[in-house]
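A.B. asks: One file: structure.pdb (PDB, C-alpha atoms).
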```
MODEL        1
ATOM      1  CA  MET A   1     -11.643  -9.493 -12.862
ATOM      2  CA  ARG A   2     -11.709 -13.091 -11.685
ATOM      3  CA  LYS A   3     -14.131 -15.432 -13.382
ATOM      4  CA  LYS A   4     -15.211 -18.772 -12.030
ATOM      5  CA  SER A   5     -17.590 -21.018 -13.840
ATOM      6  CA  SER A   6     -19.573 -24.065 -12.971
ATOM      7  CA  PRO A   7     -21.892 -26.537 -14.640
ATOM      8  CA  GLY A   8     -25.031 -24.853 -13.251
ATOM      9  CA  GLY A   9     -27.507 -22.646 -15.048
ATOM     10  CA  TYR A  10     -28.470 -22.241 -18.668
ATOM     11  CA  PRO A  11     -26.084 -21.093 -21.402
ATOM     12  CA  GLY A  12     -28.291 -18.183 -22.498
ATOM     13  CA  ALA A  13     -28.617 -16.890 -18.965
ATOM     14  CA  ILE A  14     -24.965 -17.142 -18.042
ATOM     15  CA  SER A  15     -23.590 -15.365 -21.093
ATOM     16  CA  ASP A  16     -22.690 -11.825 -20.058
ATOM     17  CA  ASN A  17     -22.997 -10.282 -23.518
ATOM     18  CA  GLY A  18     -20.781  -7.508 -22.185
ATOM     19  CA  ASN A  19     -23.561  -6.153 -19.964
ATOM     20  CA  ASP A  20     -22.128  -7.113 -16.573
ATOM     21  CA  PRO A  21     -20.691  -3.631 -15.819
ATOM     22  CA  ALA A  22     -23.983  -1.927 -16.721
ATOM     23  CA  TYR A  23     -26.008  -4.204 -14.451
ATOM     24  CA  MET A  24     -23.421  -3.836 -11.676
ATOM     25  CA  SER A  25     -23.742  -0.054 -11.988
ATOM     26  CA  LEU A  26     -27.453  -0.465 -11.234
ATOM     27  CA  ALA A  27     -26.577  -2.579  -8.195
ATOM     28  CA  LEU A  28     -24.139   0.135  -7.068
ATOM     29  CA  ARG A  29     -26.929   2.698  -7.338
ATOM     30  CA  GLU A  30     -29.049   0.494  -5.056
ATOM     31  CA  ALA A  31     -26.125   0.235  -2.634
ATOM     32  CA  GLY A  32     -25.976   4.033  -2.592
ATOM     33  CA  TYR A  33     -29.646   4.131  -1.560
ATOM     34  CA  ALA A  34     -28.788   1.825   1.338
ATOM     35  CA  ALA A  35     -25.909   4.073   2.428
ATOM     36  CA  ASP A  36     -28.218   7.102   2.296
ATOM     37  CA  LYS A  37     -30.457   5.283   4.797
ATOM     38  CA  ASP A  38     -27.500   4.364   7.043
ATOM     39  CA  GLU A  39     -27.729   0.715   5.971
ATOM     40  CA  VAL A  40     -24.662  -1.309   5.015
ATOM     41  CA  PRO A  41     -24.326  -0.303   1.345
ATOM     42  CA  VAL A  42     -25.120  -3.480  -0.551
ATOM     43  CA  GLY A  43     -27.231  -3.453  -3.683
ATOM     44  CA  ALA A  44     -28.579  -6.224  -5.889
ATOM     45  CA  VAL A  45     -30.209  -6.481  -9.297
ATOM     46  CA  ILE A  46     -31.674  -9.536 -10.995
ATOM     47  CA  ALA A  47     -31.817  -9.732 -14.778
ATOM     48  CA  TYR A  48     -33.956 -12.134 -16.785
ATOM     49  CA  ARG A  49     -33.484 -12.454 -20.528
ATOM     50  CA  GLY A  50     -31.741  -9.106 -20.718
ATOM     51  CA  ARG A  51     -34.132  -7.054 -18.602
ATOM     52  CA  VAL A  52     -34.094  -6.072 -14.945
ATOM     53  CA  ILE A  53     -36.900  -7.730 -13.000
ATOM     54  CA  ALA A  54     -35.731  -6.932  -9.456
ATOM     55  CA  ARG A  55     -33.603  -4.361  -7.685
ATOM     56  CA  ALA A  56     -33.032  -4.009  -3.967
ATOM     57  CA  HIS A  57     -30.722  -2.758  -1.268
ATOM     58  CA  ASN A  58     -30.070  -3.756   2.323
ATOM     59  CA  GLN A  59     -32.935  -2.934   4.695
ATOM     60  CA  VAL A  60     -31.735  -4.760   7.822
ATOM     61  CA  GLU A  61     -31.767  -1.695  10.098
ATOM     62  CA  MET A  62     -34.974  -0.193   8.761
ATOM     63  CA  LEU A  63     -36.931  -3.437   9.024
ATOM     64  CA  LYS A  64     -35.098  -4.694  12.137
ATOM     65  CA  ASP A  65     -34.736  -7.952  10.214
ATOM     66  CA  PRO A  66     -31.394  -9.769   9.931
ATOM     67  CA  THR A  67     -32.611 -11.484   6.749
ATOM     68  CA  ALA A  68     -33.387  -8.236   4.895
ATOM     69  CA  HIS A  69     -30.254  -8.424   2.762
ATOM     70  CA  ALA A  70     -30.395  -6.949  -0.732
ATOM     71  CA  GLU A  71     -30.102 -10.407  -2.294
ATOM     72  CA  MET A  72     -33.004 -11.853  -0.292
ATOM     73  CA  ILE A  73     -35.294  -8.940  -1.144
ATOM     74  CA  ALA A  74     -34.328  -9.132  -4.830
ATOM     75  CA  ILE A  75     -35.003 -12.888  -4.936
ATOM     76  CA  THR A  76     -38.498 -12.298  -3.535
ATOM     77  CA  GLN A  77     -39.149  -9.552  -6.095
ATOM     78  CA  ALA A  78     -37.883 -11.672  -8.994
ATOM     79  CA  ALA A  79     -39.987 -14.685  -8.009
ATOM     80  CA  ALA A  80     -43.051 -12.417  -7.838
ATOM     81  CA  ALA A  81     -42.219 -10.827 -11.209
ATOM     82  CA  LEU A  82     -41.922 -14.230 -12.883
ATOM     83  CA  GLY A  83     -44.673 -15.896 -10.900
ATOM     84  CA  ASN A  84     -42.280 -18.757 -10.249
ATOM     85  CA  LYS A  85     -40.046 -19.872  -7.388
ATOM     86  CA  TRP A  86     -37.378 -21.027  -9.869
ATOM     87  CA  LEU A  87     -35.127 -18.298 -11.204
ATOM     88  CA  SER A  88     -33.236 -20.657 -13.492
ATOM     89  CA  GLU A  89     -32.726 -18.152 -16.304
ATOM     90  CA  CYS A  90     -31.815 -15.267 -14.017
ATOM     91  CA  VAL A  91     -28.554 -13.550 -13.189
ATOM     92  CA  MET A  92     -28.010 -11.898  -9.793
ATOM     93  CA  TYR A  93     -25.730  -8.843  -9.715
ATOM     94  CA  VAL A  94     -24.631  -7.864  -6.230
ATOM     95  CA  THR A  95     -22.025  -5.410  -5.006
ATOM     96  CA  ILE A  96     -20.432  -7.798  -2.501
ATOM     97  CA  GLU A  97     -20.015 -11.563  -2.469
ATOM     98  CA  PRO A  98     -23.146 -13.117  -0.966
ATOM     99  CA  CYS A  99     -23.079 -14.495   2.582
ATOM    100  CA  SER A 100     -24.054 -18.071   3.416
ATOM    101  CA  MET A 101     -27.729 -17.187   3.927
ATOM    102  CA  CYS A 102     -27.993 -15.426   0.585
ATOM    103  CA  ALA A 103     -25.912 -18.030  -1.253
ATOM    104  CA  GLY A 104     -28.202 -20.754   0.096
ATOM    105  CA  ALA A 105     -31.270 -18.854  -1.065
ATOM    106  CA  LEU A 106     -29.711 -18.402  -4.523
ATOM    107  CA  VAL A 107     -29.155 -22.162  -4.747
ATOM    108  CA  LEU A 108     -32.712 -22.877  -3.599
ATOM    109  CA  ALA A 109     -34.046 -20.432  -6.197
ATOM    110  CA  ARG A 110     -31.848 -22.102  -8.840
ATOM    111  CA  VAL A 111     -30.360 -18.844 -10.080
ATOM    112  CA  ALA A 112     -28.203 -19.448 -13.170
ATOM    113  CA  ARG A 113     -25.345 -17.061 -12.406
ATOM    114  CA  VAL A 114     -24.121 -14.731  -9.689
ATOM    115  CA  VAL A 115     -22.003 -11.720 -10.554
ATOM    116  CA  TYR A 116     -20.464  -9.841  -7.653
ATOM    117  CA  GLY A 117     -18.201  -6.856  -7.228
ATOM    118  CA  ALA A 118     -16.121  -7.032  -4.062
ATOM    119  CA  ALA A 119     -15.042 -10.308  -2.491
ATOM    120  CA  ASP A 120     -15.924 -10.808   1.180
ATOM    121  CA  PRO A 121     -12.987 -12.468   2.951
ATOM    122  CA  LYS A 122     -14.959 -12.748   6.215
ATOM    123  CA  THR A 123     -18.339 -14.167   5.206
ATOM    124  CA  GLY A 124     -18.275 -14.726   1.434
ATOM    125  CA  ALA A 125     -20.028 -17.928   0.394
ATOM    126  CA  CYS A 126     -19.302 -17.946  -3.346
ATOM    127  CA  GLY A 127     -15.723 -19.131  -2.972
ATOM    128  CA  SER A 128     -13.943 -16.794  -0.537
ATOM    129  CA  VAL A 129     -14.762 -18.473   2.795
ATOM    130  CA  LEU A 130     -17.333 -21.053   1.731
ATOM    131  CA  ASP A 131     -18.511 -22.191  -1.674
ATOM    132  CA  ILE A 132     -22.177 -22.907  -1.099
ATOM    133  CA  VAL A 133     -23.138 -22.061  -4.668
ATOM    134  CA  ASN A 134     -20.975 -24.895  -5.980
ATOM    135  CA  HIS A 135     -21.136 -27.374  -3.112
ATOM    136  CA  GLY A 136     -20.925 -30.920  -4.437
ATOM    137  CA  THR A 137     -23.832 -32.359  -2.471
ATOM    138  CA  LEU A 138     -26.398 -29.698  -3.329
ATOM    139  CA  ASN A 139     -28.784 -30.185  -6.243
ATOM    140  CA  HIS A 140     -27.868 -26.984  -8.104
ATOM    141  CA  ARG A 141     -24.650 -25.219  -9.029
ATOM    142  CA  ILE A 142     -24.341 -21.543  -9.895
ATOM    143  CA  ALA A 143     -21.852 -20.002 -12.300
ATOM    144  CA  VAL A 144     -19.950 -17.188 -10.587
ATOM    145  CA  THR A 145     -18.267 -14.126 -12.031
ATOM    146  CA  ALA A 146     -16.302 -12.117  -9.489
ATOM    147  CA  GLY A 147     -14.696  -8.706  -9.544
ATOM    148  CA  ILE A 148     -17.029  -6.685 -11.780
ATOM    149  CA  LEU A 149     -16.524  -3.022 -10.747
ATOM    150  CA  ALA A 150     -14.777  -4.441  -7.664
ATOM    151  CA  ASP A 151     -12.924  -1.227  -6.785
ATOM    152  CA  GLU A 152     -16.094   0.866  -6.826
ATOM    153  CA  CYS A 153     -17.994  -1.718  -4.786
ATOM    154  CA  ALA A 154     -15.202  -2.085  -2.219
ATOM    155  CA  MET A 155     -14.747   1.687  -1.936
ATOM    156  CA  LEU A 156     -18.422   2.246  -1.157
ATOM    157  CA  LEU A 157     -18.245  -0.284   1.685
ATOM    158  CA  SER A 158     -14.896   0.990   2.945
ATOM    159  CA  ASP A 159     -16.052   4.623   3.006
ATOM    160  CA  PHE A 160     -19.255   3.647   4.811
ATOM    161  CA  PHE A 161     -17.437   1.819   7.608
ATOM    162  CA  GLN A 162     -14.752   4.523   7.916
ATOM    163  CA  ASN A 163     -17.484   7.113   8.381
ATOM    164  CA  LYS A 164     -19.159   4.873  10.989
ATOM    165  CA  ARG A 165     -15.892   4.547  12.931
ATOM    166  CA  ARG A 166     -15.298   8.327  12.751
ATOM    167  CA  ALA A 167     -18.818   9.027  13.957
ATOM    168  CA  GLY A 168     -18.337   6.589  16.841
ATOM    169  CA  LYS A 169     -15.214   8.436  18.018
ATOM    170  CA  LYS A 170     -16.972  11.796  18.285
TER     171      LYS A 170
ENDMDL
END
```
Could you show the structure in this file as structure tokens?

C.D. replies:
Amino acid sequence: MRKKSSPGGYPGAISDNGNDPAYMSLALREAGYAADKDEVPVGAVIAYRGRVIARAHNQVEMLKDPTAHAEMIAITQAAAALGNKWLSECVMYVTIEPCSMCAGALVLARVARVVYGAADPKTGACGSVLDIVNHGTLNHRIAVTAGILADECAMLLSDFFQNKRRAGKK
């Protein structure tokens, strides 16, 4: 597990209290729902003060919407649950490192911490390719914890794309 930290967020919200694997398991369950619907298997959960207030999975294909990533849907749910556009005491758990769109939305929502499973060496925006969540000119920084249940998260994605390639060859 690789842990990065930053000055962003609130101490109470960014403490993992040992619950990161449990929350990531919930995100993996959401990713499984996406796979069942032939969506790229990404799941996200948002916790606030120790309770889950949002859970989502990719719905890009179903909604024909390139912005319907699990993270974006979860942010919308969390803001509605709190009745506030600021998610400053929230932690996002997501099975893969957020892309630039999702990382930007997390910064705009002022999420305290992002916890992800598998790194994304092609489009990751929490340190792999870009580091939007800790960009020096933006007004908010997000603490990042990487690699929670990384093998399980990566395997789900890998299996999904292998099955897609096999199906395409038939």

A.B. asks: Counting only C-alpha atoms, select every polymer residue within 12 Å of (-23.0, 5.6, 4.3) as defined in the file's coordinates, and provide the selection as a list in words.

C.D. replies: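 Those residues lying close to the given coordinates are Ala31, Gly32, Tyr33, Ala34, Ala35, Asp36, Lys37, Asp38, Glu39, Val40, Pro41, Val42, Asn58, Met155, Leu156, Leu157, Ser158, Asp159, Phe160, Phe161, Gln162, Asn163, Lys164, Arg165, Arg166 and Ala167 of chain A.
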
A.B. asks: Please list as a list in words every residue within 9 Å of Asp131 (chain A), counting only C-alpha atoms and excluding residues in the same chain fewer than 5 positions away.

C.D. replies: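 That gives Ser100, Ala103, Gly124, Ala125 and Cys126 of chain A.
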
A.B. asks: Save the residues we just selected, C-alpha atoms, as a PDB file, keeping the file's coordinate frame?

C.D. replies:
```pdb
ATOM      1  CA  SER A 100     -24.054 -18.071   3.416  1.00  0.00           C
ATOM      2  CA  ALA A 103     -25.912 -18.030  -1.253  1.00  0.00           C
ATOM      3  CA  GLY A 124     -18.275 -14.726   1.434  1.00  0.00           C
ATOM      4  CA  ALA A 125     -20.028 -17.928   0.394  1.00  0.00           C
ATOM      5  CA  CYS A 126     -19.302 -17.946  -3.346  1.00  0.00           C
TER       6      CYS A 126
END
```

A.B. asks: Within 6 Å of Val114 (chain A), counting only C-alpha atoms, which residues qualify if same-chain residues fewer than 2 places away don't, as a ChimeraX atom specification?

C.D. replies: /A:91-92,144

A.B. asks: Identify all residues satisfying the PyMOL selection byres ((chain A and resi 74) around 10) in the given file; provide them as a list in words.

C.D. replies: Gly43, Ala44, Val45, Ile46, Ile53, Ala54, Arg55, Ala56, His57, Asn58, Ala68, His69, Ala70, Glu71, Met72, Ile73, Ile75, Thr76, Gln77, Ala78, Ala79, Ala80, Met92, Tyr93 and Val94 of chain A

A.B. asks: Which residues match the PyMOL selection byres ((chain A and resi 89) around 6) in the file above, as a tab-separated table (two decimals) with C-alpha atoms, in the coordinates of the input?

C.D. replies:
```
chain	number	residue	atom	x	y	z
A	13	ALA	CA	-28.62	-16.89	-18.96
A	87	LEU	CA	-35.13	-18.30	-11.20
A	88	SER	CA	-33.24	-20.66	-13.49
A	90	CYS	CA	-31.82	-15.27	-14.02
A	112	ALA	CA	-28.20	-19.45	-13.17
```

A.B. asks: At what distance in Å, to one decimal, does CA of Thr123 (chain A) lie from CA of Ala105 (chain A)?

C.D. replies: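 Between these atoms lies a distance of 15.1 Å.
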
A.B. asks: Work out how far CA of Gly168 (chain A) is from CA of Met101 (chain A), in Å to one decimal.

C.D. replies: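 These two atoms are separated by 28.6 Å.
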